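A.B. asks: What follows is the file target23.cif, containing mmCIF, C-alpha atoms:
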data_model
loop_
_atom_site.group_PDB
_atom_site.id
_atom_site.type_symbol
_atom_site.label_atom_id
_atom_site.label_comp_id
_atom_site.auth_asym_id
_atom_site.auth_seq_id
_atom_site.Cartn_x
_atom_site.Cartn_y
_atom_site.Cartn_z
ATOM 1 C CA MET A 1 18.131 -14.409 -1.738
ATOM 2 C CA LYS A 2 18.419 -11.031 -3.415
ATOM 3 C CA ILE A 3 15.612 -8.475 -3.056
ATOM 4 C CA ALA A 4 15.115 -4.996 -4.488
ATOM 5 C CA ILE A 5 12.724 -2.527 -2.860
ATOM 6 C CA MET A 6 11.136 -0.225 -5.450
ATOM 7 C CA GLY A 7 10.002 2.840 -3.549
ATOM 8 C CA ALA A 8 11.971 2.588 -0.313
ATOM 9 C CA GLY A 9 9.994 5.213 1.576
ATOM 10 C CA ALA A 10 8.472 4.589 4.990
ATOM 11 C CA LEU A 11 7.005 1.143 4.297
ATOM 12 C CA GLY A 12 9.478 -0.127 1.744
ATOM 13 C CA GLY A 13 12.380 1.190 3.793
ATOM 14 C CA TYR A 14 11.079 -0.507 6.926
ATOM 15 C CA PHE A 15 10.757 -3.951 5.365
ATOM 16 C CA GLY A 16 13.963 -3.549 3.382
ATOM 17 C CA GLY A 17 15.809 -2.620 6.552
ATOM 18 C CA ARG A 18 14.410 -5.563 8.508
ATOM 19 C CA LEU A 19 15.317 -7.974 5.699
ATOM 20 C CA SER A 20 18.833 -6.559 5.519
ATOM 21 C CA VAL A 21 19.367 -7.024 9.268
ATOM 22 C CA ALA A 22 18.334 -10.675 8.800
ATOM 23 C CA GLY A 23 21.109 -11.158 6.255
ATOM 24 C CA VAL A 24 19.124 -10.841 3.026
ATOM 25 C CA ASP A 25 20.907 -9.071 0.150
ATOM 26 C CA VAL A 26 18.711 -5.962 -0.170
ATOM 27 C CA THR A 27 18.959 -2.918 -2.413
ATOM 28 C CA LEU A 28 16.762 0.100 -1.755
ATOM 29 C CA ILE A 29 15.559 2.042 -4.809
ATOM 30 C CA ALA A 30 14.829 5.542 -3.533
ATOM 31 C CA ARG A 31 15.240 9.147 -4.628
ATOM 32 C CA GLY A 32 15.860 12.702 -3.521
ATOM 33 C CA ALA A 33 16.893 13.763 -0.040
ATOM 34 C CA HIS A 34 15.807 10.430 1.446
ATOM 35 C CA LEU A 35 18.206 8.537 -0.839
ATOM 36 C CA ARG A 36 21.071 10.960 -0.199
ATOM 37 C CA ALA A 37 20.610 10.629 3.566
ATOM 38 C CA ILE A 38 20.669 6.810 3.376
ATOM 39 C CA GLN A 39 23.799 6.854 1.221
ATOM 40 C CA THR A 40 25.540 9.315 3.556
ATOM 41 C CA ASP A 41 24.412 8.376 7.059
ATOM 42 C CA GLY A 42 22.606 5.037 6.662
ATOM 43 C CA LEU A 43 19.000 4.085 7.289
ATOM 44 C CA TYR A 44 17.447 4.657 10.706
ATOM 45 C CA ILE A 45 14.294 2.822 11.829
ATOM 46 C CA ASP A 46 12.629 3.950 15.056
ATOM 47 C CA SER A 47 10.193 1.187 16.027
ATOM 48 C CA PRO A 48 8.528 -0.434 19.053
ATOM 49 C CA ASN A 49 9.802 -3.701 17.523
ATOM 50 C CA GLY A 50 13.393 -2.523 17.939
ATOM 51 C CA ASP A 51 15.408 0.396 16.583
ATOM 52 C CA VAL A 52 17.808 -0.128 13.697
ATOM 53 C CA HIS A 53 20.660 1.873 12.176
ATOM 54 C CA LEU A 54 21.942 0.353 8.942
ATOM 55 C CA THR A 55 25.100 1.957 7.602
ATOM 56 C CA GLY A 56 25.933 -0.559 4.882
ATOM 57 C CA ILE A 57 22.646 -1.089 3.080
ATOM 58 C CA ALA A 58 22.807 -0.590 -0.685
ATOM 59 C CA ALA A 59 20.698 2.291 -2.001
ATOM 60 C CA THR A 60 20.410 3.806 -5.468
ATOM 61 C CA ASP A 61 18.055 5.582 -7.840
ATOM 62 C CA ASP A 62 19.225 3.501 -10.824
ATOM 63 C CA PRO A 63 17.915 -0.099 -11.004
ATOM 64 C CA ALA A 64 20.221 -0.789 -13.944
ATOM 65 C CA THR A 65 23.159 -0.874 -11.505
ATOM 66 C CA VAL A 66 21.620 -3.560 -9.266
ATOM 67 C CA GLY A 67 21.627 -6.653 -11.444
ATOM 68 C CA THR A 68 19.054 -9.450 -11.523
ATOM 69 C CA VAL A 69 17.202 -10.106 -8.245
ATOM 70 C CA ASP A 70 14.915 -12.850 -6.946
ATOM 71 C CA TYR A 71 12.155 -10.499 -5.795
ATOM 72 C CA VAL A 72 11.165 -6.940 -6.580
ATOM 73 C CA LEU A 73 8.907 -5.603 -3.820
ATOM 74 C CA VAL A 74 7.063 -2.540 -5.112
ATOM 75 C CA PHE A 75 5.916 0.123 -2.627
ATOM 76 C CA VAL A 76 5.477 3.203 -4.828
ATOM 77 C CA LYS A 77 2.205 5.135 -4.979
ATOM 78 C CA ASN A 78 -0.336 4.014 -7.572
ATOM 79 C CA TYR A 79 0.311 6.990 -9.832
ATOM 80 C CA ASP A 80 4.005 5.986 -10.063
ATOM 81 C CA LEU A 81 3.387 2.263 -10.516
ATOM 82 C CA ASP A 82 3.580 1.954 -14.316
ATOM 83 C CA ALA A 83 6.815 3.919 -14.485
ATOM 84 C CA ALA A 84 8.333 1.975 -11.569
ATOM 85 C CA LEU A 85 7.523 -1.389 -13.136
ATOM 86 C CA ILE A 86 9.237 -0.357 -16.369
ATOM 87 C CA GLN A 87 12.171 1.147 -14.486
ATOM 88 C CA ALA A 88 12.592 -2.162 -12.631
ATOM 89 C CA ARG A 89 13.018 -4.166 -15.845
ATOM 90 C CA PRO A 90 16.856 -4.403 -15.661
ATOM 91 C CA MET A 91 16.519 -6.220 -12.310
ATOM 92 C CA ILE A 92 13.985 -8.758 -13.576
ATOM 93 C CA GLY A 93 15.278 -12.048 -14.898
ATOM 94 C CA ALA A 94 13.527 -15.197 -16.045
ATOM 95 C CA ASP A 95 12.813 -16.321 -12.459
ATOM 96 C CA THR A 96 12.193 -12.969 -10.764
ATOM 97 C CA CYS A 97 8.962 -12.391 -8.840
ATOM 98 C CA ILE A 98 7.287 -8.979 -8.656
ATOM 99 C CA ALA A 99 5.208 -8.336 -5.515
ATOM 100 C CA THR A 100 2.965 -5.270 -5.465
ATOM 101 C CA PHE A 101 2.007 -3.545 -2.193
ATOM 102 C CA GLN A 102 -0.028 -0.554 -3.356
ATOM 103 C CA ASN A 103 -3.207 0.586 -1.646
ATOM 104 C CA GLY A 104 -6.248 -0.463 -3.656
ATOM 105 C CA ILE A 105 -6.986 -3.421 -5.897
ATOM 106 C CA SER A 106 -5.565 -2.648 -9.351
ATOM 107 C CA ALA A 107 -1.779 -2.969 -8.896
ATOM 108 C CA PRO A 108 -1.477 -6.774 -9.356
ATOM 109 C CA THR A 109 -3.380 -6.551 -12.649
ATOM 110 C CA VAL A 110 -1.103 -3.744 -13.838
ATOM 111 C CA ALA A 111 2.032 -5.742 -12.994
ATOM 112 C CA ALA A 112 0.626 -8.905 -14.570
ATOM 113 C CA GLY A 113 -0.136 -6.966 -17.739
ATOM 114 C CA ILE A 114 3.585 -6.246 -18.083
ATOM 115 C CA TYR A 115 5.235 -9.381 -16.662
ATOM 116 C CA GLY A 116 2.516 -12.070 -16.678
ATOM 117 C CA ASP A 117 0.309 -13.618 -13.975
ATOM 118 C CA ASP A 118 2.755 -16.416 -13.107
ATOM 119 C CA ARG A 119 5.448 -14.154 -11.650
ATOM 120 C CA VAL A 120 3.304 -11.601 -9.761
ATOM 121 C CA LEU A 121 2.216 -11.660 -6.127
ATOM 122 C CA GLY A 122 -0.557 -9.264 -5.176
ATOM 123 C CA GLY A 123 -0.079 -7.840 -1.731
ATOM 124 C CA ALA A 124 -1.146 -5.416 0.966
ATOM 125 C CA ALA A 125 0.838 -3.724 3.723
ATOM 126 C CA TRP A 126 -0.526 -3.526 7.254
ATOM 127 C CA ILE A 127 1.862 -1.168 9.005
ATOM 128 C CA PRO A 128 1.638 2.382 10.375
ATOM 129 C CA GLY A 129 4.671 4.532 9.690
ATOM 130 C CA TYR A 130 6.091 7.590 7.992
ATOM 131 C CA ILE A 131 9.363 9.256 7.033
ATOM 132 C CA GLU A 132 10.229 11.389 10.055
ATOM 133 C CA ALA A 133 13.173 12.981 8.247
ATOM 134 C CA PRO A 134 15.270 11.944 5.231
ATOM 135 C CA GLY A 135 16.806 8.584 6.014
ATOM 136 C CA ARG A 136 14.732 8.165 9.180
ATOM 137 C CA ILE A 137 11.612 5.973 9.357
ATOM 138 C CA LYS A 138 9.167 6.182 12.244
ATOM 139 C CA HIS A 139 7.182 2.979 12.857
ATOM 140 C CA THR A 140 4.376 3.786 15.275
ATOM 141 C CA ASP A 141 2.947 0.372 16.231
ATOM 142 C CA THR A 142 4.043 -3.243 16.598
ATOM 143 C CA LYS A 143 2.020 -4.217 13.513
ATOM 144 C CA ASP A 144 4.259 -4.952 10.511
ATOM 145 C CA THR A 145 2.496 -7.385 8.206
ATOM 146 C CA LEU A 146 2.839 -7.909 4.487
ATOM 147 C CA SER A 147 0.036 -10.145 3.213
ATOM 148 C CA PHE A 148 0.382 -11.536 -0.295
ATOM 149 C CA GLY A 149 -0.789 -14.247 -2.636
ATOM 150 C CA ALA A 150 -0.253 -15.595 -6.125
ATOM 151 C CA LEU A 151 -2.394 -14.668 -9.106
ATOM 152 C CA SER A 152 -2.014 -18.132 -10.663
ATOM 153 C CA PRO A 153 -1.165 -21.676 -9.512
ATOM 154 C CA ALA A 154 2.317 -21.349 -11.010
ATOM 155 C CA GLY A 155 2.923 -18.198 -8.977
ATOM 156 C CA LYS A 156 2.469 -20.035 -5.683
ATOM 157 C CA THR A 157 6.083 -21.205 -5.839
ATOM 158 C CA PHE A 158 7.094 -17.638 -4.939
ATOM 159 C CA GLU A 159 4.967 -17.406 -1.784
ATOM 160 C CA GLN A 160 6.842 -19.535 0.755
ATOM 161 C CA PRO A 161 10.387 -18.227 0.131
ATOM 162 C CA LEU A 162 9.206 -14.639 0.612
ATOM 163 C CA PHE A 163 7.194 -15.644 3.676
ATOM 164 C CA ASP A 164 10.248 -17.352 5.172
ATOM 165 C CA ALA A 165 12.508 -14.347 4.524
ATOM 166 C CA LEU A 166 10.057 -11.899 6.093
ATOM 167 C CA THR A 167 9.589 -14.211 9.082
ATOM 168 C CA LEU A 168 13.352 -14.487 9.525
ATOM 169 C CA ALA A 169 13.414 -10.685 9.473
ATOM 170 C CA GLY A 170 11.139 -10.618 12.520
ATOM 171 C CA THR A 171 8.086 -9.273 10.684
ATOM 172 C CA HIS A 172 4.688 -10.951 10.493
ATOM 173 C CA PRO A 173 3.891 -11.955 6.888
ATOM 174 C CA ARG A 174 0.716 -13.708 5.803
ATOM 175 C CA ILE A 175 0.060 -15.814 2.698
ATOM 176 C CA GLU A 176 -3.444 -15.199 1.332
ATOM 177 C CA PRO A 177 -5.100 -18.169 -0.432
ATOM 178 C CA ASP A 178 -7.554 -15.751 -2.115
ATOM 179 C CA ILE A 179 -5.629 -12.539 -2.720
ATOM 180 C CA GLU A 180 -8.487 -10.870 -4.612
ATOM 181 C CA ALA A 181 -10.823 -11.240 -1.623
ATOM 182 C CA ALA A 182 -8.094 -10.086 0.779
ATOM 183 C CA LEU A 183 -7.368 -6.956 -1.243
ATOM 184 C CA TRP A 184 -11.045 -6.077 -1.601
ATOM 185 C CA SER A 185 -11.642 -6.612 2.112
ATOM 186 C CA LYS A 186 -8.933 -4.066 2.966
ATOM 187 C CA PHE A 187 -9.983 -1.754 0.134
ATOM 188 C CA VAL A 188 -13.532 -1.313 1.451
ATOM 189 C CA LEU A 189 -12.292 0.444 4.574
ATOM 190 C CA LEU A 190 -9.449 2.212 2.801
ATOM 191 C CA ALA A 191 -11.726 3.724 0.153
ATOM 192 C CA ALA A 192 -14.295 4.837 2.727
ATOM 193 C CA THR A 193 -11.886 6.389 5.216
ATOM 194 C CA SER A 194 -9.924 8.029 2.390
ATOM 195 C CA ALA A 195 -13.081 9.620 1.003
ATOM 196 C CA VAL A 196 -14.521 10.905 4.272
ATOM 197 C CA THR A 197 -11.370 12.008 6.098
ATOM 198 C CA THR A 198 -10.113 13.820 2.987
ATOM 199 C CA LEU A 199 -13.459 15.515 2.324
ATOM 200 C CA THR A 200 -13.699 16.702 5.925
ATOM 201 C CA ARG A 201 -9.960 17.071 6.758
ATOM 202 C CA LEU A 202 -10.830 15.425 10.087
ATOM 203 C CA THR A 203 -9.319 12.613 12.107
ATOM 204 C CA ILE A 204 -11.320 9.448 12.771
ATOM 205 C CA GLY A 205 -11.963 10.632 16.315
ATOM 206 C CA GLU A 206 -13.253 13.999 15.136
ATOM 207 C CA ILE A 207 -15.541 12.298 12.623
ATOM 208 C CA ASN A 208 -16.919 10.034 15.339
ATOM 209 C CA ASP A 209 -17.690 13.025 17.553
ATOM 210 C CA HIS A 210 -20.416 14.082 15.108
ATOM 211 C CA GLU A 211 -23.352 11.759 14.492
ATOM 212 C CA LYS A 212 -24.058 12.889 10.932
ATOM 213 C CA THR A 213 -20.411 12.689 9.880
ATOM 214 C CA LYS A 214 -20.005 9.232 11.396
ATOM 215 C CA ALA A 215 -23.176 8.185 9.539
ATOM 216 C CA LEU A 216 -21.531 9.447 6.336
ATOM 217 C CA MET A 217 -18.603 7.128 7.021
ATOM 218 C CA ARG A 218 -21.005 4.242 7.527
ATOM 219 C CA ARG A 219 -22.628 4.940 4.141
ATOM 220 C CA ALA A 220 -19.224 5.118 2.448
ATOM 221 C CA ILE A 221 -18.348 1.703 3.912
ATOM 222 C CA GLU A 222 -21.701 0.245 2.850
ATOM 223 C CA GLU A 223 -21.281 1.510 -0.725
ATOM 224 C CA ALA A 224 -17.766 0.095 -1.011
ATOM 225 C CA SER A 225 -18.885 -3.207 0.530
ATOM 226 C CA ALA A 226 -21.726 -3.574 -1.980
ATOM 227 C CA VAL A 227 -19.253 -3.078 -4.822
ATOM 228 C CA ALA A 228 -16.776 -5.520 -3.271
ATOM 229 C CA LEU A 229 -19.425 -8.225 -2.960
ATOM 230 C CA ALA A 230 -20.500 -7.706 -6.569
ATOM 231 C CA VAL A 231 -16.919 -8.056 -7.805
ATOM 232 C CA CYS A 232 -15.843 -10.779 -5.381
ATOM 233 C CA PRO A 233 -18.805 -12.914 -4.188
ATOM 234 C CA SER A 234 -16.541 -15.041 -1.973
ATOM 235 C CA LEU A 235 -16.441 -12.191 0.556
ATOM 236 C CA PRO A 236 -18.722 -12.543 3.611
ATOM 237 C CA PRO A 237 -22.224 -11.107 3.105
ATOM 238 C CA ASP A 238 -21.927 -9.070 6.331
ATOM 239 C CA LEU A 239 -18.762 -7.377 5.048
ATOM 240 C CA ALA A 240 -20.084 -3.859 5.731
ATOM 241 C CA ASP A 241 -20.850 -4.697 9.371
ATOM 242 C CA GLN A 242 -17.433 -6.300 9.821
ATOM 243 C CA GLN A 243 -15.588 -3.354 8.332
ATOM 244 C CA PHE A 244 -17.571 -0.787 10.308
ATOM 245 C CA ALA A 245 -16.848 -2.717 13.513
ATOM 246 C CA TYR A 246 -13.146 -2.665 12.633
ATOM 247 C CA TYR A 247 -13.384 1.045 11.809
ATOM 248 C CA GLU A 248 -14.763 1.803 15.273
ATOM 249 C CA HIS A 249 -11.547 0.473 16.831
ATOM 250 C CA ILE A 250 -9.166 2.593 14.739
ATOM 251 C CA ASP A 251 -7.035 5.052 16.710
ATOM 252 C CA GLY A 252 -9.001 8.314 16.845
ATOM 253 C CA GLN A 253 -5.898 10.356 15.947
ATOM 254 C CA VAL A 254 -5.592 8.689 12.545
ATOM 255 C CA ARG A 255 -6.393 10.223 9.177
ATOM 256 C CA ALA A 256 -6.288 8.253 5.932
ATOM 257 C CA SER A 257 -3.023 8.695 4.043
ATOM 258 C CA MET A 258 -4.850 10.495 1.223
ATOM 259 C CA CYS A 259 -6.037 13.130 3.690
ATOM 260 C CA THR A 260 -2.458 13.569 4.926
ATOM 261 C CA ASP A 261 -1.304 13.902 1.318
ATOM 262 C CA LEU A 262 -3.888 16.616 0.695
ATOM 263 C CA LEU A 263 -2.859 18.533 3.824
ATOM 264 C CA ASN A 264 0.806 18.261 2.786
ATOM 265 C CA GLY A 265 0.159 19.473 -0.751
ATOM 266 C CA LYS A 266 0.938 16.140 -2.428
ATOM 267 C CA ARG A 267 -0.746 14.261 -5.242
ATOM 268 C CA LEU A 268 -3.782 12.176 -4.344
ATOM 269 C CA GLU A 269 -4.517 8.525 -5.156
ATOM 270 C CA LEU A 270 -8.137 9.582 -5.586
ATOM 271 C CA ASP A 271 -8.664 7.861 -8.923
ATOM 272 C CA TRP A 272 -7.493 4.538 -7.432
ATOM 273 C CA PHE A 273 -9.781 4.871 -4.389
ATOM 274 C CA SER A 274 -13.224 6.434 -4.911
ATOM 275 C CA GLY A 275 -12.524 6.460 -8.642
ATOM 276 C CA GLU A 276 -12.097 2.680 -8.616
ATOM 277 C CA ILE A 277 -15.283 2.265 -6.563
ATOM 278 C CA LEU A 278 -17.195 4.263 -9.176
ATOM 279 C CA ARG A 279 -15.769 2.330 -12.114
ATOM 280 C CA GLN A 280 -16.678 -1.009 -10.570
ATOM 281 C CA ALA A 281 -20.092 0.270 -9.418
ATOM 282 C CA GLU A 282 -20.927 1.319 -12.972
ATOM 283 C CA LYS A 283 -20.074 -2.159 -14.268
ATOM 284 C CA HIS A 284 -22.416 -3.735 -11.720
ATOM 285 C CA LYS A 285 -25.126 -1.039 -11.922
ATOM 286 C CA LEU A 286 -24.747 0.057 -8.292
ATOM 287 C CA ALA A 287 -25.255 3.515 -6.834
ATOM 288 C CA THR A 288 -22.356 4.964 -4.827
ATOM 289 C CA PRO A 289 -23.299 8.617 -4.147
ATOM 290 C CA VAL A 290 -20.822 9.220 -1.310
ATOM 291 C CA HIS A 291 -17.887 8.122 -3.437
ATOM 292 C CA GLU A 292 -19.260 10.036 -6.422
ATOM 293 C CA VAL A 293 -19.290 13.245 -4.365
ATOM 294 C CA ALA A 294 -15.815 12.515 -2.992
ATOM 295 C CA LEU A 295 -14.387 12.036 -6.471
ATOM 296 C CA ALA A 296 -16.005 15.197 -7.821
ATOM 297 C CA ALA A 297 -15.206 17.405 -4.818
ATOM 298 C CA LEU A 298 -11.575 16.315 -4.528
ATOM 299 C CA TRP A 299 -10.822 16.046 -8.240
ATOM 300 C CA PRO A 300 -9.290 19.566 -8.533
ATOM 301 C CA TYR A 301 -6.637 18.540 -5.962
ATOM 302 C CA ARG A 302 -5.684 15.195 -7.482
ATOM 303 C CA ASP A 303 -2.362 16.533 -8.836
ATOM 304 C CA GLY A 304 -1.544 18.631 -5.779
ATOM 305 C CA PRO A 305 -2.472 22.173 -4.708
ATOM 306 C CA LEU A 306 -4.432 24.385 -7.060
ATOM 307 C CA ALA A 307 -2.361 26.955 -8.895
ATOM 308 C CA PRO A 308 -2.693 30.452 -7.360
#
When written as structure tokens, how does the structure in this file appear?

C.D. replies:
Amino acid sequence: MKIAIMGAGALGGYFGGRLSVAGVDVTLIARGAHLRAIQTDGLYIDSPNGDVHLTGIAATDDPATVGTVDYVLVFVKNYDLDAALIQARPMIGADTCIATFQNGISAPTVAAGIYGDDRVLGGAAWIPGYIEAPGRIKHTDTKDTLSFGALSPAGKTFEQPLFDALTLAGTHPRIEPDIEAALWSKFVLLAATSAVTTLTRLTIGEINDHEKTKALMRRAIEEASAVALAVCPSLPPDLADQQFAYYEHIDGQVRASMCTDLLNGKRLELDWFSGEILRQAEKHKLATPVHEVALAALWPYRDGPLAP
């Protein structure tokens, strides 16, 4: 099996590294200092599931040099997705599968619009980690799950081979029979925590220390859950209660990645989070005031810091 990782940052680099250790032919598509460090010194993974130092893993910023692969696993941010899918075209043959692992719910539709439903797997990553330094990935928990599912019956032929490869690599993949419901279930909590932690610049623990701010989080979850149920009625009717219960067990030191991006002066995936909630709410005539405020208040920062 031959796999290319588009966007081999913290998450893509972790799974690419694990697959490579298991003997899969992996190429990392990366850029900048992170790519140069991998090419010079190899890829380091610091993880409670076992540390890794890969000195021979292939890494490039030019997909045209890779050749046709069996799977392209896409881990770029949403705002880079369209460009990455086009850039990946030289690696995509008649039988290549494209698996998207962006936060949110729109990426599988975007990929299918370019390559067709039958060769796309929608997916979600359940793994905490970050780039500690160029070429060095810090994995902070034992959790390392990629969940994914086909968009069409024909696409199901791609599920088991990827599942088997990720299992062989020592990770914990999951095939989702209803990928739309799975993505929306994760997105409810993602959209809410992204909105509230980024608005407040607080950790989950700091939010929970204040009754009114924690109540704001609850309302953000309820709004997103109402939208999710309108879009995907197969979700459980007590979705908001389930997601809030899950939220209450999140490590108190955690901020949503969008909050971290704001604090680090990076672009925000705002339009794919609260922006997506608003677009879907409008279609279904639902009110989502918390997400409306989040979108409006954070909009000036969506492309990075304001110019001085």

A.B. asks: So which residues are close to (5.1, -1.5, -7.7), meaning at most 10 Å away in the file's coordinates with all atoms listed in the file counted, and can you show them as a list in words?

C.D. replies: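 These residues have at least one counted atom within 10 Å: Ile5, Met6, Gly7, Val72, Leu73, Val74, Phe75, Val76, Lys77, Asn78, Tyr79, Asp80, Leu81, Asp82, Ala83, Ala84, Leu85, Ile86, Ala88, Ile98, Ala99, Thr100, Phe101, Gln102, Ala107, Pro108, Val110, Ala111 and Gly122 of chain A.
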
A.B. asks: List, as a ChimeraX atom specification, every residue that the PyMOL selection byres ((chain A and resi 188) around 12) selects in the file provided.

C.D. replies: /A:103-105,181-187,189-195,217-229,231-232,235,239-244,246-247,273-274,276-277,291

A.B. asks: Translate the PyMOL selection byres ((chain A and resi 292-300) around 9), as applied to the file shown, into an explicit residue set as number ranges by chain.

C.D. replies: A: 195-196, 198-199, 268, 270-271, 273-275, 277-278, 287-291, 301-306

A.B. asks: Can you tell me, as an MDAnalysis selection string, what residues are no more than 10 Å from region 16-30 of chain A when counting all atoms listed in the file, ignoring any on the same chain fewer than 5 positions away?

C.D. replies: chainID A and resid 1:11 35:36 38 43:45 50 52:54 56:63 66 69 71:74 76 84 88 137 165:171

A.B. asks: CA of Gly149 (chain A) and CA of Glu176 (chain A) are how many Å apart?

C.D. replies: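 Taking CA of Gly149 (chain A) and CA of Glu176 (chain A), their separation equals 4.9 Å.
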
A.B. asks: To one decimal place in Å, what is the distance between CA of Arg89 (chain A) and CA of Ser152 (chain A)?

C.D. replies: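 Computed distance, CA of Arg89 (chain A) to CA of Ser152 (chain A), equals 21.2 Å.
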
A.B. asks: Please, what distance in Å, to one decimal, runs between CA of Leu151 (chain A) and CA of Ser234 (chain A)?

C.D. replies: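 For CA of Leu151 (chain A) relative to CA of Ser234 (chain A), the distance reads 15.8 Å.
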
A.B. asks: Which one is closest to Pro233 (chain A): A:Asp178, A:Gly12, A:Gly93, A:Pro308? Count only C-alpha atoms.

C.D. replies: A:Asp178

A.B. asks: Leaving out Gly252 (chain A) and any residue of its chain fewer than 5 positions from it, which residues lie within 7 Å of it when counting all atoms listed in the file, given as a VMD selection string?

C.D. replies: chain A and resid 203 to 205

A.B. asks: Please, could you write that set of residues out with C-alpha atoms as a PDB file, keeping the file's coordinate frame?

C.D. replies:
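Below is the file part_9.pdb, written as the result:
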ATOM      1  CA  THR A 203      -9.319  12.613  12.107  1.00  0.00           C
ATOM      2  CA  ILE A 204     -11.320   9.448  12.771  1.00  0.00           C
ATOM      3  CA  GLY A 205     -11.963  10.632  16.315  1.00  0.00           C
TER       4      GLY A 205
END

A.B. asks: Env of Glu206 (chain A): 12 Å cut, atoms = all atoms listed in the file, seq-sep filter 3 positions within chain, self excluded. Answer as a list in words.

C.D. replies: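 Counting only the stated atoms, we get Val196, Thr197, Thr200, Arg201, Leu202, Thr203, Asp209, His210, Glu211, Lys212, Thr213, Lys214, Met217, Asp251, Gly252, Gln253, Val254 and Arg255 of chain A.
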
A.B. asks: For the point (5.5, 1.8, 18.0) in file coordinates, what residues are within 12 Å, counting all atoms listed in the file? Give the answer as a compact mmCIF listing (two decimals) with C-alpha atoms, keeping the file's coordinate frame?

C.D. replies:
# COMPACT_ATOMS: atom_id res chain seq x y z
CA ILE A 45 14.29 2.82 11.83
CA ASP A 46 12.63 3.95 15.06
CA SER A 47 10.19 1.19 16.03
CA PRO A 48 8.53 -0.43 19.05
CA ASN A 49 9.80 -3.70 17.52
CA GLY A 50 13.39 -2.52 17.94
CA ASP A 51 15.41 0.40 16.58
CA ILE A 127 1.86 -1.17 9.01
CA PRO A 128 1.64 2.38 10.38
CA GLY A 129 4.67 4.53 9.69
CA TYR A 130 6.09 7.59 7.99
CA ILE A 137 11.61 5.97 9.36
CA LYS A 138 9.17 6.18 12.24
CA HIS A 139 7.18 2.98 12.86
CA THR A 140 4.38 3.79 15.28
CA ASP A 141 2.95 0.37 16.23
CA THR A 142 4.04 -3.24 16.60
CA LYS A 143 2.02 -4.22 13.51
CA ASP A 144 4.26 -4.95 10.51

A.B. asks: Would you please work out which residue, of A:Arg136, A:Gly113, A:Ala37, A:Gln87, is nearest to Gly13 (chain A) when using all atoms listed in the file?

C.D. replies: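 Ranked by minimum distance to Gly13 (chain A), first place goes to A:Arg136.
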
A.B. asks: I need the residue nearest Phe163 (chain A) from this list: A:Ala133, A:Ala94, A:Leu121, A:Leu216. Use only C-alpha atoms for the distance.

C.D. replies: A:Leu121

A.B. asks: Using all atoms listed in the file, which residue out of A:Asp95, A:Ile114, A:Ala125, A:Ala256 lies closest to Phe158 (chain A)?

C.D. replies: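 That would be A:Asp95, the residue with the smallest distance to Phe158 (chain A).
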
A.B. asks: Using the file's own x, y and z axes, so that the box edges lie along x, y and z, what centre and edge lengths in Å (one decimal) does a box around every listed atom of region 10-27 of chain A get when 5 Å is added on each side? Give it as lines of an AutoDock Vina configuration file.

C.D. replies:
center_x = 14.1
center_y = -3.3
center_z = 3.4
size_x = 24.1
size_y = 25.7
size_z = 21.7
